[in-house]
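Peer 1: Please find one structure pasted underneath; my questions will follow.
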Amino acid sequence: MFSWLMVGPPILFLCALVGYPFLYGIWLSLEDRPVAQAGKFVGLANFIADFHDPVFWRVAINTFVYTFFATVLKMVGGLALALTMNQDFRFKNTIRALMLLPFIVPTVLSTIAWMWMLDPGFSVINWLLKYTGIANPGPSWLGNPVLAMISLIIVNVWRGLPFYAITLLAGLQTISPDLYEAATIDGAGTWARFRYVTLPLLKPVIFIVTMFSVIFTFADFQLVYVLTRGGPANATHLFATYAFDIAMSGGQLGMGASVALAMLPPLALIIIAMSVYMKPNKS
Amino acid sequence: MSVERGGWSVRALKLWIPLGAFMVFTLFPFYWMAVTSIKPNSELYNRKIMPMIVYHPTLKHYVDLLTETNFLQWTWNTLLVAVVSTAISLVFGTMLAYPLARMKFAGSALISFAVAATYLVPQPLLFIPLADIINQLQLGDTLTSVILTYPTLLVPFCAWLLMGYFRSVPQELEDAARIDGATRLQTMIKVFLPLCVPGFISAGIFAFTLSQNEFLYALIFLTQTDVRTVPVGAIAELVKGDVFYWGQLMAAALLGSVPVAVIYSFFVEHYVAGLTAGAVKQ
Amino acid sequence: MAHIIQAASRRDILKISAATAVGGLLGAARAHAAPKSMTMMHESSFIAAYDAYFKNTIAPAYEKATGIKIVYETVSVGSIQTRDTTVAETGTGPEMAQMAFNWPFLFDQKLVDVTDIAKTIGEKGGGWHANAAEAVVVNGKWKAIPFGNIGQLMNYRTDWFEEVGVKSFPETWHELLEAGIKLKAKDHPFGFELGHGFGDNHGWLYPLLWSFGGREVDTDGKTVVIDSHETAAAVDFAREFFQKTMIEDVLGWTDVSNNKAFLSEQISCTNNAESILYVAKRDFPEIGKATGQAQNPKGPSGERFHMLNPWTHGIFTHTPDVQAAKDFMVWLMDPKQVAGWYDVADSYYGPFLHMYDDASFWHKEPRNLPYRDSMANSHLPGWPAPISRPQGESVAKYVVVDMFAKACAGKSTKEVIADAAAQLKIIFKSA
């Protein structure tokens with residue numbers, strides 16, 4: 001059949017380069033596989049070791065916290081920006097293009113710029129705080145464990161907000177003005193219009209974008225790798241960076257795979273929960 | 001939007017102030033990149049002066065970047081990889097999207113699900129086994145390794161975007177062609193696809209962006225300077241030991257961003273249109 | 001092989017190598033022609049002249065002498081481990097490669113036993129430093145040839161120290177603490193890395209632990225002994241040291257941060273390799289004049305320690321002509337070749353052979369002498385236990401670093417040591 005011939009090659013491609021590595025990854029996680037040596041089947045030993053590893057749990061908490069706050073901020077911020085942009089003004093197109101810059105610029109490069117900006121010795125914010133006498137030397141954005149996580153979230157939001165905003169803006173622009181007219185005539189105020197017209201119609205868009213965003217954020221690697229490598233004292237270590245350290249520095253491919261694989265259950269649960277909660281009835 | 005009431009100050013409140021705030025938040029790091037890239041080292045390391053201003057701008061970092069490093073080679077590699085990966089992803093994406101959008105066949109739900117599930121398997125989960133596989137295929141340090149693996153990230157998204165777009169195209173023209181005796185394939189290629197150019201542009205830009213942004217696979221598969229892409233090259237080679245070449249790094253960051261931004265500015269309309277069709281009309 | 005050991009000069013080595021190669025050609029069952037070229041893979045040095053020296057002086061000289069072309073493949077800093085891993089895993093690529101830290105152990109099964117040429121080179125070079133073996137001996141066999149040690153020592157501002165009355169670098173950690181308190185009061189705090197870098201954190205934290213008498217694991221390589229009075233004393237000291245002399249930011253520092261902080265005059269003292277002085281002299285001469293280098297201070301045990309940061313050269317088992325590779329190694333490590341190579345790097349790579357203990361390159365910049373003197377008490381993280389996979393895992397997971405970092409950030413000594421001990425027990429369970 002035509003359909004099968006069409007979907008065949010891409011499906012085979014994905015099976016070979018996603019499906020097979022995925023299964024191989026599962027196999028690796030069940031092995032004791034030091035680099036440059038043959039693997040030895042050890043069953044769930046890696047996972048049991050992870051279970052007893054306090055750093056592993058720290059990493060898990062970090063990843064959840066990071067994903068949750070970054071996503072919420074991106075959603076709220078993105079919506080706010082989209083609503084703001086959904087008005088007529090000069091230079092709208094230029095501004096829309098400029099707004100996308102954080103998203104399209106290679107992440108590691110913009111993160112390097114942030115690294116410099118978050119250095120208390122060089123940060124403009126700290127400089128302002130010092131100059132106005134409010135605080136000296138100013139907060140240590142990447143040294144203080146709590147601030148480090150906050151900084152990471154801010155950089156992630158900075159990067160991801162445009163994607164949310166532009167997509168939500170596109171969604172907003174498909175809402176017919178007639179609906180708003182009708183609501184106004186019915187006596188609805190600004191907030192009521194937003195709640196009963198805008199939000200419900202945006203739900204599908206919000207859902208899709210949020211799903212992608214959650215997956216990418218949960219599996220984030222680049223930001224942490226550049227800014228803190230997981231420090232201070234594991235305050236910003238995520239699943240991806242921890243797995244990387246174990247496999248690439250420690251030479252333990254099996255254990256690294258087990259940490260990476262640990263991402264799957266929580267991620268699947270989040271997606272399912274989101275589907276149940278957010279997804280509108282499919283028509 | 002609703003009828004605007006109130007005058008200049010209301011507009012400022014609803015538009016200019018929030019917009020201004022977002023613009024500052026969004027664009028400040030780029031200003032920072034630009035300023036840092038033209039500061040001489042003596043100013044770069046000086047903590048006492050106002051960091052936002054350059055006193056003696058210099059193009060030295062740009063010159064050093066272009067002459068002393070392989071930046072141009074990396075840029076070429078990045079572009080090559082991005083273009084080829086995007087092309088592959090668009091083709092595969094179309095091959096997935098067309099049947100799923102247009103035709104009913106047994107197993108379509110399963111295929112849909114499988115493609116979506118691919119996204120649940122993010123890179124960090126795959127990079128260890130993939131590194132092993134790439135090594136065994138002797139593809140380490142070749143651009144082929146990334147050209148092969150990038151589409152795994154891009155195909156699902158392209159498929160999803162194109163599916164949404166395809167569904168929004170009216171079917172009459174295709175039906176007419178079928179009645180005239182054209183085969184499915186002919187219909188698809190001659191009648192349908194040409195109508196979908198905006199969708200392709202939109203998906204293509206997105207794929208291109210994701211591709212030139214990719215870091216993890218490139219970090220692991222590409223360790224030779226000749227084959228590196230800009231993200232890995234900049235991070236790995238503008239840091240020698242524990243000596244950061246900050247000025248050059250910022251110059252690389254800017255130079256690495258500008259081409260993509262320029263391309264984007266031409267195609268923003270299409271990008272948005274594609275997203276609209278994809279996201280809204282599910 | 002016996003005639004190799006008796007060789008007294010480079011020419012003899014070459015004659016014998018050539019003879020061996022020819023002998024291999026004509027002789028035994030596994031004969032094959034001497035290779036046309038071999039590749040030596042190396043991490044690129046931040047001293048450009050060092051890489052250039054190999055490419056432009058050493059390689060051509062060998063080709064002239066033997067007809068074998070030596071390709072010098074550089075890998076950017078930080079990527080050499082990945083590259084070594086790929087080569088080891090796939091069994092293809094360069095025949096010889098630079099290793100670091102405990103990688104000879106990690107790649108043990110894919111590295112050729114070089115005990116024989118190590119002996120030769122050692123004898124010709126005046127003998128190996130005792131700790132050279134720490135990094136390369138696996139199960140009694142030498143798996144790589146030690147090349148150079150990148151010492152991690154104290155870098156400090158001599159001018160600021162003098163301002164507070166400290167004319168020479170403090171001898172003990174407690175004296176350093178007192179100096180630091182005075183300096184912080186004058187807005188010249190210390191900055192020692194406590195984050196997830198690689199060198200500048202281990203460079204002072206392991207020596208700190210050792211000089212207080214603390215150890216991670218016992219010499220049997222299995223028993224976790226980190227939970228001790230000595231460790232607690234070290235942790236308490238580190239916390240006080242951090243709180244009274246440093247800026248908070250150090251908790252999140254990586255290896256580049258302290259260089260930046262020192263060169264921007266933010267800190268007065270840190271632990272680093274020779275790179276700060278090198279860059280200072282080149283780009284910030286005023287700071288360069290006021291920068292001093294000194295050995296790590298002594299602890300209550302009366303001993304001082306340094307971290308061993310060895311660069312070593314290994315030969316992979318997939319090499320078609322192992323003997324040719326070995327011959328090249330021996331030739332390379334002959335004083336006629338390697339002395340120039342060490343020299344060009346201005347002592348950044350401290351030789352492991354005693355004959356260079358008083359080489360001229362140490363005296364070119366007298367401030368580098370402490371790096372030479374530190375060789376005697378340098379050890380790999382995990383010492384006194386022999387190198388092992390659990391030790392590598394402990395380092396990759398930053399067990400010791402995080403123990404100190406968490407204490408400095410406020411956790412109780414008891415808690416951080418208990419955490420570290422628990423982690424180590426799991427890691428060393430398989431030992």
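Chain lettering (A, B, ...) mirrors the order of the structure tokens, residue numbering begins at 1 for each chain separately, and ligand numbering begins at 1 in order of display.
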Could you please select, counting only C-alpha atoms, the residues of chain A within 7 Å of chain B and state them as a PyMOL selection string?

Peer 2: chain A and resi 3+6-7+10+14+17-18+21-22+24-25+84+97+99+101-102+104-110+113-114+121-122+124+158+167+170-171+177+180-181+204-205+208+215+219+222+240+253+257+260-261

Peer 1: Taking C-alpha atoms for each residue, export the selection above as a short mmCIF file (atom, residue, chain, number, x, y, z; two decimals), in the first residue's frame.

Peer 2:
data_model
loop_
_atom_site.label_atom_id
_atom_site.label_comp_id
_atom_site.auth_asym_id
_atom_site.auth_seq_id
_atom_site.Cartn_x
_atom_site.Cartn_y
_atom_site.Cartn_z
CA SER A 3 0.86 4.58 2.88
CA MET A 6 5.62 6.18 2.33
CA VAL A 7 6.04 5.83 6.06
CA PRO A 10 11.34 7.22 7.92
CA LEU A 14 13.85 6.15 13.42
CA LEU A 17 18.76 5.45 15.07
CA VAL A 18 16.37 5.90 17.95
CA PRO A 21 20.03 2.79 20.52
CA PHE A 22 17.22 3.04 23.02
CA TYR A 24 20.87 -0.86 23.45
CA GLY A 25 20.84 1.80 26.15
CA THR A 84 1.33 42.32 24.66
CA ALA A 97 12.00 38.88 14.70
CA MET A 99 12.29 38.58 20.08
CA LEU A 101 16.92 35.80 18.86
CA PRO A 102 17.46 33.99 22.18
CA ILE A 104 17.60 30.71 17.47
CA VAL A 105 21.08 31.60 18.62
CA PRO A 106 23.16 28.55 19.54
CA THR A 107 22.51 27.99 23.21
CA VAL A 108 26.05 27.40 24.33
CA LEU A 109 27.17 30.69 22.86
CA SER A 110 24.54 32.80 24.54
CA ALA A 113 27.65 35.46 27.57
CA TRP A 114 25.43 34.78 30.58
CA GLY A 121 33.01 40.58 39.60
CA PHE A 122 31.69 41.50 36.18
CA VAL A 124 26.16 44.57 35.50
CA TRP A 158 15.37 33.68 28.65
CA THR A 167 3.58 30.22 19.17
CA ALA A 170 0.07 32.72 16.46
CA GLY A 171 -2.67 31.00 18.40
CA PRO A 177 -12.53 39.17 17.09
CA TYR A 180 -14.60 39.08 21.87
CA GLU A 181 -17.29 41.40 20.52
CA PRO A 204 -4.46 23.18 22.59
CA VAL A 205 -1.54 25.41 21.68
CA ILE A 208 1.59 21.26 22.66
CA ILE A 215 10.75 17.38 27.48
CA ALA A 219 16.65 16.63 29.44
CA GLN A 222 23.96 22.52 27.54
CA ALA A 240 21.86 14.59 31.66
CA LEU A 253 29.13 3.45 30.41
CA ALA A 257 23.23 4.71 30.94
CA ALA A 260 20.12 8.54 31.79
CA LEU A 261 17.43 5.89 31.61
#

Peer 1: For region 126-143 of chain A, list every protein, DNA or RNA residue within 8 Å, evaluated using only C-alpha atoms, and leave out those in the same chain fewer than 2 positions away; present the list as a list of chain:residue names.

Peer 2: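 Non-adjacent residues within range: A:Leu118, A:Asp119, A:Pro120, A:Gly121, A:Phe122, A:Ser123, A:Val124, A:Pro145, A:Leu147, A:Ala148, A:Ser151, A:Leu227, A:Thr228, A:Pro232, B:Met50, B:Pro51, C:Glu248, C:Asp249, C:Val250, C:Leu251, C:Gly252, C:Trp253.
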
Peer 1: Please report as JSON lines every residue of chain B lying within 10 Å of chain C, along with the nearest atom pair and their distance in Å (one decimal), using only C-alpha atoms.

Peer 2:
{"residue": "B:Asn41", "atom": "CA", "partner": "C:Asp283", "partner_atom": "CA", "distance": 8.0}
{"residue": "B:Ser42", "atom": "CA", "partner": "C:Phe284", "partner_atom": "CA", "distance": 7.8}
{"residue": "B:Glu43", "atom": "CA", "partner": "C:Ser264", "partner_atom": "CA", "distance": 9.5}
{"residue": "B:Leu44", "atom": "CA", "partner": "C:Ser264", "partner_atom": "CA", "distance": 8.4}
{"residue": "B:Tyr45", "atom": "CA", "partner": "C:Ser264", "partner_atom": "CA", "distance": 4.6}
{"residue": "B:Asn46", "atom": "CA", "partner": "C:Ser264", "partner_atom": "CA", "distance": 5.7}
{"residue": "B:Arg47", "atom": "CA", "partner": "C:Ser264", "partner_atom": "CA", "distance": 6.6}
{"residue": "B:Lys48", "atom": "CA", "partner": "C:Ser264", "partner_atom": "CA", "distance": 9.4}
{"residue": "B:Ala131", "atom": "CA", "partner": "C:Thr86", "partner_atom": "CA", "distance": 8.5}
{"residue": "B:Asp132", "atom": "CA", "partner": "C:Glu89", "partner_atom": "CA", "distance": 8.0}
{"residue": "B:Ile133", "atom": "CA", "partner": "C:Thr90", "partner_atom": "CA", "distance": 10.0}
{"residue": "B:Ile134", "atom": "CA", "partner": "C:Thr86", "partner_atom": "CA", "distance": 9.5}
{"residue": "B:Asn135", "atom": "CA", "partner": "C:Thr90", "partner_atom": "CA", "distance": 5.9}
{"residue": "B:Gln136", "atom": "CA", "partner": "C:Thr90", "partner_atom": "CA", "distance": 6.1}
{"residue": "B:Leu137", "atom": "CA", "partner": "C:Thr90", "partner_atom": "CA", "distance": 8.9}
{"residue": "B:Gln138", "atom": "CA", "partner": "C:Thr90", "partner_atom": "CA", "distance": 7.4}
{"residue": "B:Gly140", "atom": "CA", "partner": "C:Thr86", "partner_atom": "CA", "distance": 7.6}
{"residue": "B:Asp141", "atom": "CA", "partner": "C:Arg83", "partner_atom": "CA", "distance": 9.2}
{"residue": "B:Leu219", "atom": "CA", "partner": "C:Ser79", "partner_atom": "CA", "distance": 8.3}
{"residue": "B:Ile220", "atom": "CA", "partner": "C:Thr82", "partner_atom": "CA", "distance": 6.9}
{"residue": "B:Phe221", "atom": "CA", "partner": "C:Thr82", "partner_atom": "CA", "distance": 8.7}
{"residue": "B:Leu222", "atom": "CA", "partner": "C:Arg83", "partner_atom": "CA", "distance": 9.0}
{"residue": "B:Thr223", "atom": "CA", "partner": "C:Ser79", "partner_atom": "CA", "distance": 6.2}
{"residue": "B:Gln224", "atom": "CA", "partner": "C:Val75", "partner_atom": "CA", "distance": 6.1}
{"residue": "B:Thr225", "atom": "CA", "partner": "C:Val75", "partner_atom": "CA", "distance": 7.3}
{"residue": "B:Gly233", "atom": "CA", "partner": "C:Ser76", "partner_atom": "CA", "distance": 8.9}
{"residue": "B:Ile235", "atom": "CA", "partner": "C:Gly78", "partner_atom": "CA", "distance": 10.0}
{"residue": "B:Ala236", "atom": "CA", "partner": "C:Ser76", "partner_atom": "CA", "distance": 6.3}
{"residue": "B:Glu237", "atom": "CA", "partner": "C:Ser76", "partner_atom": "CA", "distance": 5.8}
{"residue": "B:Leu238", "atom": "CA", "partner": "C:Ser76", "partner_atom": "CA", "distance": 9.2}
{"residue": "B:Val239", "atom": "CA", "partner": "C:Val77", "partner_atom": "CA", "distance": 7.5}
{"residue": "B:Lys240", "atom": "CA", "partner": "C:Phe46", "partner_atom": "CA", "distance": 5.3}
{"residue": "B:Gly241", "atom": "CA", "partner": "C:Val77", "partner_atom": "CA", "distance": 6.0}
{"residue": "B:Asp242", "atom": "CA", "partner": "C:Val256", "partner_atom": "CA", "distance": 4.5}
{"residue": "B:Val243", "atom": "CA", "partner": "C:Val256", "partner_atom": "CA", "distance": 5.9}
{"residue": "B:Phe244", "atom": "CA", "partner": "C:Val256", "partner_atom": "CA", "distance": 6.4}
{"residue": "B:Trp246", "atom": "CA", "partner": "C:Lys260", "partner_atom": "CA", "distance": 9.7}

Peer 1: Can you list, as a list in words, every protein, DNA or RNA residue that comes within 10 Å of region 215-224 of chain C when you count only C-alpha atoms, leaving out same-chain residues fewer than 6 positions away?

Peer 2: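 Answer for this query is Tyr206, Leu209, Glu230, Thr231, Pro381, Gly382, Trp383, Pro384, Ala385, Pro386, Ile387, Ser388, Pro390, Gln391, Ser394, Val399, Val400, Ala420, Ala421, Ala422, Gln423, Leu424, Lys425, Ile426, Ile427, Phe428, Lys429, Ser430 and Ala431 of chain C.
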
Peer 1: Within 10 Å of Cys269 (chain C), counting only C-alpha atoms, which residues show up once you throw out same-chain ones fewer than 4 positions away? Write them as a ChimeraX atom specification, please.

Peer 2: /C:154-158,160-161,176,180,183,188-192,245-246,258,261-262,291-293

Peer 1: Selected residues, N, CA and C atoms, written as a tab-separated table (two decimals), in the first residue's frame, please.

Peer 2:
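Dumped to selection-v5.tsv:
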chain	number	residue	atom	x	y	z
C	154	MET	N	50.32	26.92	44.74
C	154	MET	CA	49.77	28.18	45.20
C	154	MET	C	50.28	29.34	44.34
C	155	ASN	N	49.33	30.11	43.84
C	155	ASN	CA	49.68	31.33	43.11
C	155	ASN	C	49.24	32.49	43.99
C	156	TYR	N	50.10	33.47	44.18
C	156	TYR	CA	49.69	34.55	45.09
C	156	TYR	C	50.30	35.88	44.69
C	157	ARG	N	49.70	36.94	45.21
C	157	ARG	CA	50.16	38.31	44.94
C	157	ARG	C	51.20	38.70	45.99
C	158	THR	N	52.45	38.70	45.55
C	158	THR	CA	53.53	39.00	46.51
C	158	THR	C	53.38	40.40	47.08
C	160	TRP	N	50.62	42.26	47.65
C	160	TRP	CA	49.60	42.38	48.66
C	160	TRP	C	49.95	41.64	49.94
C	161	PHE	N	50.60	40.48	49.77
C	161	PHE	CA	51.01	39.72	50.96
C	161	PHE	C	51.99	40.54	51.78
C	176	LEU	N	48.49	30.44	56.62
C	176	LEU	CA	47.84	30.96	55.42
C	176	LEU	C	46.47	31.55	55.77
C	180	GLY	N	45.21	35.25	55.16
C	180	GLY	CA	44.00	35.47	54.39
C	180	GLY	C	43.02	36.39	55.07
C	183	LEU	N	44.21	39.80	54.58
C	183	LEU	CA	44.07	40.25	53.20
C	183	LEU	C	42.61	40.50	52.83
C	188	HIS	N	41.28	42.10	49.54
C	188	HIS	CA	42.03	41.21	48.64
C	188	HIS	C	41.80	39.77	49.06
C	189	PRO	N	40.58	39.29	48.92
C	189	PRO	CA	40.29	37.94	49.44
C	189	PRO	C	41.00	36.85	48.66
C	190	PHE	N	40.90	35.63	49.21
C	190	PHE	CA	41.42	34.46	48.51
C	190	PHE	C	40.33	33.89	47.61
C	191	GLY	N	40.74	33.06	46.66
C	191	GLY	CA	39.75	32.41	45.80
C	191	GLY	C	40.20	31.01	45.43
C	192	PHE	N	39.80	30.01	46.20
C	192	PHE	CA	40.15	28.63	45.91
C	192	PHE	C	38.92	27.91	45.37
C	245	THR	N	38.26	33.88	54.58
C	245	THR	CA	39.19	34.45	53.62
C	245	THR	C	38.66	34.55	52.20
C	246	MET	N	37.59	33.88	51.88
C	246	MET	CA	37.22	33.79	50.46
C	246	MET	C	35.93	34.51	50.12
C	258	ASN	N	39.15	30.92	38.50
C	258	ASN	CA	40.17	31.53	39.33
C	258	ASN	C	41.22	32.27	38.49
C	261	ALA	N	39.62	35.53	37.89
C	261	ALA	CA	39.56	36.35	39.10
C	261	ALA	C	40.94	36.90	39.45
C	262	PHE	N	41.96	36.07	39.30
C	262	PHE	CA	43.31	36.52	39.66
C	262	PHE	C	43.76	37.61	38.71
C	291	THR	N	53.31	38.43	40.87
C	291	THR	CA	52.76	37.10	41.11
C	291	THR	C	53.85	36.15	41.57
C	292	GLY	N	53.57	35.45	42.65
C	292	GLY	CA	54.52	34.46	43.13
C	292	GLY	C	53.90	33.09	43.13
C	293	GLN	N	54.72	32.06	43.17
C	293	GLN	CA	54.23	30.69	43.21
C	293	GLN	C	54.91	29.97	44.35

Peer 1: Could you tell me which residues of chain A sit within 7 Å of chain C when counting only C-alpha atoms, and give me the result as a ChimeraX atom specification?

Peer 2: /A:35-37,49,53,140,142-144,228-233,245-246,248-251

Peer 1: Identify, with DSSP run on backbone atoms, the residues in region 25-91 of chain B assigned to alpha helix (DSSP H), and express the list as a ChimeraX atom specification.

Peer 2: /B:25-37,41-44,60-68,71-91

Peer 1: Enumerate the residues of region 100-233 of chain C with a DSSP assignment of strand (DSSP E or B), computed from the backbone, and present them as number ranges by chain.

Peer 2: C: 100, 111, 128, 137-138, 141-142, 145-149, 153-157, 172, 190, 217, 224

Peer 1: Take the residues from that selection and put them in a file with C-alpha atoms, as an mmCIF file, in the first residue's frame.

Peer 2:
data_model
loop_
_atom_site.group_PDB
_atom_site.id
_atom_site.type_symbol
_atom_site.label_atom_id
_atom_site.label_comp_id
_atom_site.auth_asym_id
_atom_site.auth_seq_id
_atom_site.Cartn_x
_atom_site.Cartn_y
_atom_site.Cartn_z
ATOM 1 C CA ALA C 100 46.246 11.846 31.862
ATOM 2 C CA LEU C 111 47.335 -0.533 26.146
ATOM 3 C CA TRP C 128 62.011 7.704 37.669
ATOM 4 C CA VAL C 137 51.471 0.836 36.814
ATOM 5 C CA VAL C 138 48.479 -1.460 36.585
ATOM 6 C CA LYS C 141 52.889 -3.643 34.564
ATOM 7 C CA TRP C 142 53.747 -0.235 33.195
ATOM 8 C CA ILE C 145 55.421 6.159 29.853
ATOM 9 C CA PRO C 146 55.205 9.070 32.261
ATOM 10 C CA PHE C 147 55.945 12.283 30.468
ATOM 11 C CA GLY C 148 55.252 15.333 32.551
ATOM 12 C CA ASN C 149 53.490 16.545 35.636
ATOM 13 C CA LEU C 153 50.503 25.021 43.324
ATOM 14 C CA MET C 154 49.765 28.185 45.205
ATOM 15 C CA ASN C 155 49.682 31.331 43.110
ATOM 16 C CA TYR C 156 49.688 34.549 45.089
ATOM 17 C CA ARG C 157 50.163 38.310 44.943
ATOM 18 C CA THR C 172 51.310 26.015 57.196
ATOM 19 C CA PHE C 190 41.419 34.463 48.509
ATOM 20 C CA VAL C 217 40.489 4.674 51.283
ATOM 21 C CA VAL C 224 36.773 3.316 53.337
#

Peer 1: Rank nothing, just name the residue among C:Pro104, C:Pro60, C:Gly214, C:Gly165 nearest to Glu303 (chain C), using only C-alpha atoms.

Peer 2: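 Distance minimum relative to Glu303 (chain C) lands on C:Gly214.
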